[in-house]
Amino acid sequence: MVKILATADWQMDMVGGSLNPNAREYLSAARVETIEKILELAKEENVDVILAAGDLFEFPKVSDETTDAVARVLHQSDVPIHAIPGNHDLYGSSSVWNTPEIREIDHFHLHNEQTQTEIAKGVFLHSIPVKSIYDIQPQDELLEDVSDQDGVHIVMAHAHDVSVGTFGGHEDNCKLPIDSSKVIGKGYSLLILGHWHSWLEVQENRVLYPGTHEQTKFGERDAGNVAIIDVPEDGTEPRIEKKKVGKIHWANVEFNCTEKELPDDLIEFVRNQRDEGVEFLKLKLIGEVNVDALAGAIPEAKSACRPMVRHLDISSDELTRVIDVENMTNKVDLPMGLREIQRSILTELENAQGNEDMTNNLIDELYALYRACRDAEIIGD
Ligand SMILES: [Mn+2]
């Protein structure tokens, strides 16, 4: 029995552009810590070898800090690691792979050419590196049929599995096809793939995307895992076990504002998310709100909630605005003069229905007016 830990897509040095600067820093530190966790798990589980299926780095050349941090962590373990370059971290003389820091980690083996390595007695690893992001030759064609050969054969590649479906928007400019059913058909016991960030067992116990170790963005379905795999040396079916290693809990949820007490219900909702461990939260507001809620309660809720989590992204774009000028003029009791300004903004708002930009500007104006009145203690909170 050979025991493998499979991982991929560490994307070290990624920018995390949609996050605020603090969250970005937190995420980039977590990406290093989680590698440490992977290595601890490898030791605990007593694995023979770690397979890392490409895109370990976000770019072929990364910052000195990232190179140093990754090398430092990898030195904490002596479990052999076999890795391939993916489309993000192509091999080259000036690439991160060729820095002394990485090159001299003696248990780290980069396969920048297609190779066959005996990782245990009678167990062969076939590594297929990405050599060009424009490659459109199916990678399964690079593999010979091993059905009649002795031993157990495992493949590691960084590719898009066409047996799952079409390219559907994922890295459109970068095809890298492979047909996993053809790989298994050629007598290989196990195929470990990189490129997709969520865990996906394409063929039970045979074909796996372990996904990224630490989620990279909102919308990844099931990221933050590695696999522990037992591979029997007699060629019978391997056994894949999923292990959660990712640290950061991301959530992408909706909040329906219709008939809610605002801002309180919204604040309570975010507080509950935080209490459940969510650190990066993307919240889409839906339903109906009055314009005064949009100009008052919702901005208030946003300010109250922002410090509750490490990253908060609240979108109001899909809210339906209900504008009732009479009702609002009566509700917010402004002195003469200001009352006229309020009424004119509300009337313009009524007329701006359907014009997104103008509506947003007017709501900002209304919010500024209420804010100023509150600051001057003309109206209460
Ligand atoms: Mn990739």
# chains A, B, ... in the order shown; residues from 1 in each chain; ligands from 1
>>> residues_near_ligand(ligand="ligand 1", cutoff="6 Å", atoms="only C-alpha atoms and all ligand atoms", output="PyMOL selection string")
chain A and resi 55+86-88+195
>>> write_last_selection(atoms="all heavy atoms", output="short mmCIF file (atom, residue, chain, number, x, y, z; two decimals), in the first residue's frame")
data_model
loop_
_atom_site.label_atom_id
_atom_site.label_comp_id
_atom_site.auth_asym_id
_atom_site.auth_seq_id
_atom_site.Cartn_x
_atom_site.Cartn_y
_atom_site.Cartn_z
N ASP A 55 0.24 25.02 -10.43
CA ASP A 55 -0.20 26.34 -9.95
C ASP A 55 0.05 26.50 -8.45
O ASP A 55 -0.77 27.06 -7.73
CB ASP A 55 -1.68 26.61 -10.28
CG ASP A 55 -1.90 27.02 -11.73
OD1 ASP A 55 -0.90 27.12 -12.48
OD2 ASP A 55 -3.06 27.26 -12.11
N GLY A 86 2.01 24.53 -13.40
CA GLY A 86 0.70 24.66 -14.03
C GLY A 86 0.73 25.81 -15.02
O GLY A 86 1.81 26.26 -15.43
N ASN A 87 -0.42 26.31 -15.41
CA ASN A 87 -0.46 27.41 -16.37
C ASN A 87 -0.03 28.74 -15.74
O ASN A 87 0.43 29.64 -16.43
CB ASN A 87 -1.85 27.56 -16.99
CG ASN A 87 -2.94 27.73 -15.96
OD1 ASN A 87 -3.12 26.85 -15.11
ND2 ASN A 87 -3.67 28.83 -16.00
N HIS A 88 -0.16 28.86 -14.40
CA HIS A 88 0.24 30.11 -13.75
C HIS A 88 1.74 30.17 -13.48
O HIS A 88 2.30 31.26 -13.39
CB HIS A 88 -0.49 30.27 -12.41
CG HIS A 88 -1.87 30.83 -12.53
ND1 HIS A 88 -2.12 32.18 -12.47
CD2 HIS A 88 -3.06 30.24 -12.74
CE1 HIS A 88 -3.41 32.39 -12.62
NE2 HIS A 88 -4.01 31.23 -12.79
N HIS A 195 -5.97 22.62 -11.36
CA HIS A 195 -6.53 23.66 -12.23
C HIS A 195 -7.87 24.16 -11.72
O HIS A 195 -8.13 25.34 -11.74
CB HIS A 195 -6.68 23.17 -13.68
CG HIS A 195 -6.79 24.29 -14.70
ND1 HIS A 195 -6.07 25.46 -14.60
CD2 HIS A 195 -7.53 24.42 -15.83
CE1 HIS A 195 -6.37 26.24 -15.64
NE2 HIS A 195 -7.25 25.64 -16.40
#
>>> select_by_dssp(residues="segment 71-211 of chain A", states="alpha helix (DSSP H)", output="ChimeraX atom specification")
/A:71-74,100-103,180-185
>>> write_last_selection(atoms="N, CA, C and O atoms", output="compact mmCIF listing (two decimals), in the first residue's frame")
# COMPACT_ATOMS: atom_id res chain seq x y z
N ALA A 71 9.61 28.23 0.83
CA ALA A 71 10.79 27.38 1.03
C ALA A 71 10.96 27.05 2.52
O ALA A 71 11.20 25.90 2.90
N ARG A 72 10.79 28.06 3.35
CA ARG A 72 10.93 27.89 4.79
C ARG A 72 9.96 26.83 5.33
O ARG A 72 10.34 25.98 6.14
N VAL A 73 8.72 26.90 4.85
CA VAL A 73 7.72 25.92 5.30
C VAL A 73 8.07 24.53 4.79
O VAL A 73 8.02 23.54 5.54
N LEU A 74 8.46 24.43 3.52
CA LEU A 74 8.75 23.11 2.95
C LEU A 74 9.93 22.44 3.67
O LEU A 74 9.96 21.22 3.80
N PRO A 100 17.53 29.43 -5.93
CA PRO A 100 18.26 28.52 -5.03
C PRO A 100 17.40 28.08 -3.86
O PRO A 100 17.49 26.94 -3.41
N GLU A 101 16.53 28.97 -3.38
CA GLU A 101 15.68 28.64 -2.23
C GLU A 101 14.85 27.38 -2.50
O GLU A 101 14.72 26.51 -1.64
N ILE A 102 14.25 27.30 -3.67
CA ILE A 102 13.38 26.17 -4.00
C ILE A 102 14.20 24.99 -4.52
O ILE A 102 13.98 23.84 -4.13
N ARG A 103 15.15 25.28 -5.39
CA ARG A 103 15.95 24.22 -6.04
C ARG A 103 16.66 23.33 -5.03
O ARG A 103 16.82 22.15 -5.23
N SER A 180 -10.21 12.35 -18.75
CA SER A 180 -9.83 11.43 -17.67
C SER A 180 -10.30 10.01 -17.94
O SER A 180 -9.64 9.05 -17.53
N SER A 181 -11.43 9.86 -18.65
CA SER A 181 -11.91 8.49 -18.89
C SER A 181 -10.93 7.74 -19.79
O SER A 181 -10.73 6.53 -19.64
N LYS A 182 -10.28 8.49 -20.71
CA LYS A 182 -9.27 7.84 -21.58
C LYS A 182 -8.02 7.46 -20.78
O LYS A 182 -7.39 6.44 -21.05
N VAL A 183 -7.66 8.30 -19.80
CA VAL A 183 -6.49 7.99 -18.97
C VAL A 183 -6.74 6.69 -18.20
O VAL A 183 -5.90 5.77 -18.20
N ILE A 184 -7.90 6.59 -17.56
CA ILE A 184 -8.22 5.37 -16.81
C ILE A 184 -8.33 4.18 -17.78
O ILE A 184 -7.85 3.09 -17.49
N GLY A 185 -8.86 4.44 -18.98
CA GLY A 185 -8.97 3.40 -20.01
C GLY A 185 -7.62 2.86 -20.46
O GLY A 185 -7.52 1.73 -20.94
>>> closest_residue(among="A:Arg374, A:Arg339, A:Arg31, A:Lys243", to="Asn225 of chain A", atoms="only C-alpha atoms")
A:Lys243
>>> residues_around(residues="Lys244 of chain A", least_positions_apart="6", cutoff="12 Å", atoms="only C-alpha atoms", output="number ranges by chain")
A: 7, 34, 37-38, 41, 198-199, 210-215, 222-228
>>> select_by_dssp(residues="segment 182-363 of chain A", states="strand (DSSP E)", output="JSON, numbers by chain")
{"A": [190, 191, 192, 193, 194, 200, 201, 202, 203, 207, 208, 209, 225, 226, 227, 228, 229, 230, 231, 239, 240, 241, 242, 243, 244, 250, 251, 252, 253, 254, 255, 256, 280, 281, 282, 283, 284, 285, 286, 288, 289, 290, 311, 312, 313, 314, 315, 320, 321, 322]}
>>> residues_around(residues="Asp313 of chain A", least_positions_apart="4", cutoff="7 Å", atoms="only C-alpha atoms", output="list in words")
Leu281, Lys282 and Leu283 of chain A
>>> closest_residue(among="A:Ala23, A:Lys3, A:Leu39, A:Val130", to="Val245 of chain A", atoms="only C-alpha atoms")
A:Leu39
>>> residues_around(residues="Glu118 of chain A", least_positions_apart="6", cutoff="12 Å", atoms="only C-alpha atoms", output="list of chain:residue names")
A:Val2, A:Val49, A:His82, A:Phe124, A:Leu125, A:His126, A:Ser127, A:Gly151, A:Val152, A:His153, A:Ile154, A:Val155
>>> closest_residue(among="A:Glu348, A:Asp364, A:Glu318, A:Asp264", to="Ala301 of chain A", atoms="only C-alpha atoms")
A:Asp264
>>> closest_residue(among="A:Tyr188, A:Gln273, A:Asp375, A:Ala52", to="Tyr209 of chain A", atoms="only C-alpha atoms")
A:Ala52
>>> closest_atom_pairs(of="segment 154-254 of chain A", to="segment 137-147 of chain A", cutoff="6 Å", atoms="only C-alpha atoms", output="CSV")
residue,atom,partner,partner_atom,distance
A:Pro177,CA,A:Pro138,CA,4.9
A:Ile178,CA,A:Gln139,CA,4.9
A:Val183,CA,A:Asp140,CA,5.6
A:Lys186,CA,A:Asp145,CA,4.6
A:Gly187,CA,A:Ser147,CA,4.2
>>> closest_residue(among="A:Thr99, A:Asn205, A:Gln353, A:Gln342", to="Lys242 of chain A", atoms="only C-alpha atoms")
A:Asn205
>>> residues_around(residues="Phe57 of chain A", least_positions_apart="2", cutoff="6 Å", atoms="only C-alpha atoms", output="number ranges by chain")
A: 11-12, 55, 59, 89
>>> closest_residue(among="A:Pro80, A:Pro263, A:Gly16, A:Gly54", to="Ala157 of chain A", atoms="only C-alpha atoms")
A:Gly54
>>> atom_distance(atom1="atom CA of Lys61 of chain A", atom2="atom CA of Ser93 of chain A")
10.0 Å
>>> residues_around(residues="Leu349 of chain A", least_positions_apart="3", cutoff="12 Å", atoms="only C-alpha atoms", output="list in words")
Asn290, Val291, Asp292, Ala295, Arg321, Val322, Ile323, Asp324, Val325, Gln342, Arg343, Ser344, Ile345, Leu346, Ala352, Gln353, Gly354, Asn355, Glu356, Asp357, Met358, Thr359, Asn360, Asn361, Leu362, Ile363, Asp364, Glu365 and Leu366 of chain A
>>> write_last_selection(atoms="C-alpha atoms", output="compact mmCIF listing (two decimals), in the first residue's frame")
# COMPACT_ATOMS: atom_id res chain seq x y z
CA ASN A 290 -38.26 52.19 0.98
CA VAL A 291 -35.97 54.87 -0.27
CA ASP A 292 -35.50 56.20 3.24
CA ALA A 295 -30.66 56.42 2.33
CA ARG A 321 -36.87 50.68 -4.35
CA VAL A 322 -40.26 51.75 -3.18
CA ILE A 323 -40.72 55.52 -3.24
CA ASP A 324 -43.61 57.09 -1.39
CA VAL A 325 -42.94 60.84 -1.21
CA GLN A 342 -36.03 66.73 0.82
CA ARG A 343 -39.23 66.92 -1.19
CA SER A 344 -37.39 67.94 -4.37
CA ILE A 345 -34.89 65.07 -4.03
CA LEU A 346 -37.75 62.63 -3.43
CA ALA A 352 -35.54 58.70 -11.96
CA GLN A 353 -37.09 55.23 -11.66
CA GLY A 354 -35.13 52.93 -13.95
CA ASN A 355 -32.12 55.23 -14.17
CA GLU A 356 -29.59 53.47 -11.92
CA ASP A 357 -26.88 56.15 -11.83
CA MET A 358 -29.24 59.01 -11.21
CA THR A 359 -31.08 57.05 -8.52
CA ASN A 360 -27.82 56.27 -6.73
CA ASN A 361 -26.72 59.91 -6.85
CA LEU A 362 -30.03 61.09 -5.48
CA ILE A 363 -29.97 58.52 -2.70
CA ASP A 364 -26.47 59.69 -1.77
CA GLU A 365 -27.80 63.27 -1.67
CA LEU A 366 -30.72 62.27 0.51
>>> atom_distance(atom1="atom CA of Met308 of chain A", atom2="atom CA of Asp275 of chain A")
9.6 Å
>>> decode(residues="segment 277-295 of chain A", atoms="N, CA, C and O atoms", output="PDB file, in the first residue's frame")
ATOM      1  N   GLY A 277     -18.573  31.749  12.270  1.00  0.00           N
ATOM      2  CA  GLY A 277     -17.181  31.625  11.849  1.00  0.00           C
ATOM      3  C   GLY A 277     -16.854  32.254  10.507  1.00  0.00           C
ATOM      4  O   GLY A 277     -15.718  32.170  10.043  1.00  0.00           O
ATOM      5  N   VAL A 278     -17.836  32.888   9.883  1.00  0.00           N
ATOM      6  CA  VAL A 278     -17.559  33.516   8.583  1.00  0.00           C
ATOM      7  C   VAL A 278     -16.620  34.706   8.761  1.00  0.00           C
ATOM      8  O   VAL A 278     -16.842  35.559   9.621  1.00  0.00           O
ATOM      9  N   GLU A 279     -15.557  34.734   7.960  1.00  0.00           N
ATOM     10  CA  GLU A 279     -14.607  35.842   8.030  1.00  0.00           C
ATOM     11  C   GLU A 279     -14.671  36.728   6.792  1.00  0.00           C
ATOM     12  O   GLU A 279     -14.450  37.922   6.865  1.00  0.00           O
ATOM     13  N   PHE A 280     -14.918  36.101   5.647  1.00  0.00           N
ATOM     14  CA  PHE A 280     -15.052  36.859   4.402  1.00  0.00           C
ATOM     15  C   PHE A 280     -16.499  36.688   3.937  1.00  0.00           C
ATOM     16  O   PHE A 280     -16.918  35.579   3.605  1.00  0.00           O
ATOM     17  N   LEU A 281     -17.244  37.799   3.915  1.00  0.00           N
ATOM     18  CA  LEU A 281     -18.674  37.697   3.641  1.00  0.00           C
ATOM     19  C   LEU A 281     -19.072  38.556   2.452  1.00  0.00           C
ATOM     20  O   LEU A 281     -18.777  39.752   2.397  1.00  0.00           O
ATOM     21  N   LYS A 282     -19.759  37.925   1.527  1.00  0.00           N
ATOM     22  CA  LYS A 282     -20.332  38.642   0.397  1.00  0.00           C
ATOM     23  C   LYS A 282     -21.842  38.515   0.522  1.00  0.00           C
ATOM     24  O   LYS A 282     -22.380  37.413   0.557  1.00  0.00           O
ATOM     25  N   LEU A 283     -22.496  39.663   0.619  1.00  0.00           N
ATOM     26  CA  LEU A 283     -23.910  39.680   0.944  1.00  0.00           C
ATOM     27  C   LEU A 283     -24.662  40.428  -0.140  1.00  0.00           C
ATOM     28  O   LEU A 283     -24.363  41.583  -0.440  1.00  0.00           O
ATOM     29  N   LYS A 284     -25.638  39.739  -0.719  1.00  0.00           N
ATOM     30  CA  LYS A 284     -26.454  40.390  -1.744  1.00  0.00           C
ATOM     31  C   LYS A 284     -27.814  40.718  -1.145  1.00  0.00           C
ATOM     32  O   LYS A 284     -28.532  39.831  -0.700  1.00  0.00           O
ATOM     33  N   LEU A 285     -28.157  42.006  -1.110  1.00  0.00           N
ATOM     34  CA  LEU A 285     -29.456  42.416  -0.591  1.00  0.00           C
ATOM     35  C   LEU A 285     -30.481  42.294  -1.707  1.00  0.00           C
ATOM     36  O   LEU A 285     -30.260  42.770  -2.821  1.00  0.00           O
ATOM     37  N   ILE A 286     -31.584  41.639  -1.395  1.00  0.00           N
ATOM     38  CA  ILE A 286     -32.660  41.513  -2.371  1.00  0.00           C
ATOM     39  C   ILE A 286     -33.974  41.920  -1.709  1.00  0.00           C
ATOM     40  O   ILE A 286     -34.024  42.164  -0.500  1.00  0.00           O
ATOM     41  N   GLY A 287     -35.040  41.991  -2.489  1.00  0.00           N
ATOM     42  CA  GLY A 287     -36.352  42.331  -1.953  1.00  0.00           C
ATOM     43  C   GLY A 287     -36.667  43.816  -2.128  1.00  0.00           C
ATOM     44  O   GLY A 287     -36.023  44.506  -2.924  1.00  0.00           O
ATOM     45  N   GLU A 288     -37.630  44.292  -1.352  1.00  0.00           N
ATOM     46  CA  GLU A 288     -38.107  45.667  -1.484  1.00  0.00           C
ATOM     47  C   GLU A 288     -37.723  46.505  -0.281  1.00  0.00           C
ATOM     48  O   GLU A 288     -37.847  46.050   0.856  1.00  0.00           O
ATOM     49  N   VAL A 289     -37.261  47.720  -0.534  1.00  0.00           N
ATOM     50  CA  VAL A 289     -37.030  48.657   0.579  1.00  0.00           C
ATOM     51  C   VAL A 289     -37.548  50.033   0.204  1.00  0.00           C
ATOM     52  O   VAL A 289     -37.592  50.404  -0.973  1.00  0.00           O
ATOM     53  N   ASN A 290     -37.918  50.792   1.207  1.00  0.00           N
ATOM     54  CA  ASN A 290     -38.255  52.193   0.981  1.00  0.00           C
ATOM     55  C   ASN A 290     -36.977  52.967   0.726  1.00  0.00           C
ATOM     56  O   ASN A 290     -35.912  52.603   1.208  1.00  0.00           O
ATOM     57  N   VAL A 291     -37.144  54.067   0.017  1.00  0.00           N
ATOM     58  CA  VAL A 291     -35.966  54.875  -0.273  1.00  0.00           C
ATOM     59  C   VAL A 291     -35.332  55.419   1.000  1.00  0.00           C
ATOM     60  O   VAL A 291     -34.127  55.540   1.091  1.00  0.00           O
ATOM     61  N   ASP A 292     -36.131  55.697   2.012  1.00  0.00           N
ATOM     62  CA  ASP A 292     -35.500  56.202   3.243  1.00  0.00           C
ATOM     63  C   ASP A 292     -34.633  55.146   3.915  1.00  0.00           C
ATOM     64  O   ASP A 292     -33.611  55.466   4.505  1.00  0.00           O
ATOM     65  N   ALA A 293     -34.988  53.864   3.760  1.00  0.00           N
ATOM     66  CA  ALA A 293     -34.120  52.805   4.293  1.00  0.00           C
ATOM     67  C   ALA A 293     -32.816  52.769   3.503  1.00  0.00           C
ATOM     68  O   ALA A 293     -31.730  52.609   4.059  1.00  0.00           O
ATOM     69  N   LEU A 294     -32.959  52.974   2.211  1.00  0.00           N
ATOM     70  CA  LEU A 294     -31.781  52.945   1.346  1.00  0.00           C
ATOM     71  C   LEU A 294     -30.848  54.109   1.668  1.00  0.00           C
ATOM     72  O   LEU A 294     -29.629  54.006   1.570  1.00  0.00           O
ATOM     73  N   ALA A 295     -31.457  55.234   2.048  1.00  0.00           N
ATOM     74  CA  ALA A 295     -30.656  56.419   2.330  1.00  0.00           C
ATOM     75  C   ALA A 295     -30.218  56.478   3.790  1.00  0.00           C
ATOM     76  O   ALA A 295     -29.343  57.254   4.134  1.00  0.00           O
TER      77      ALA A 295
END
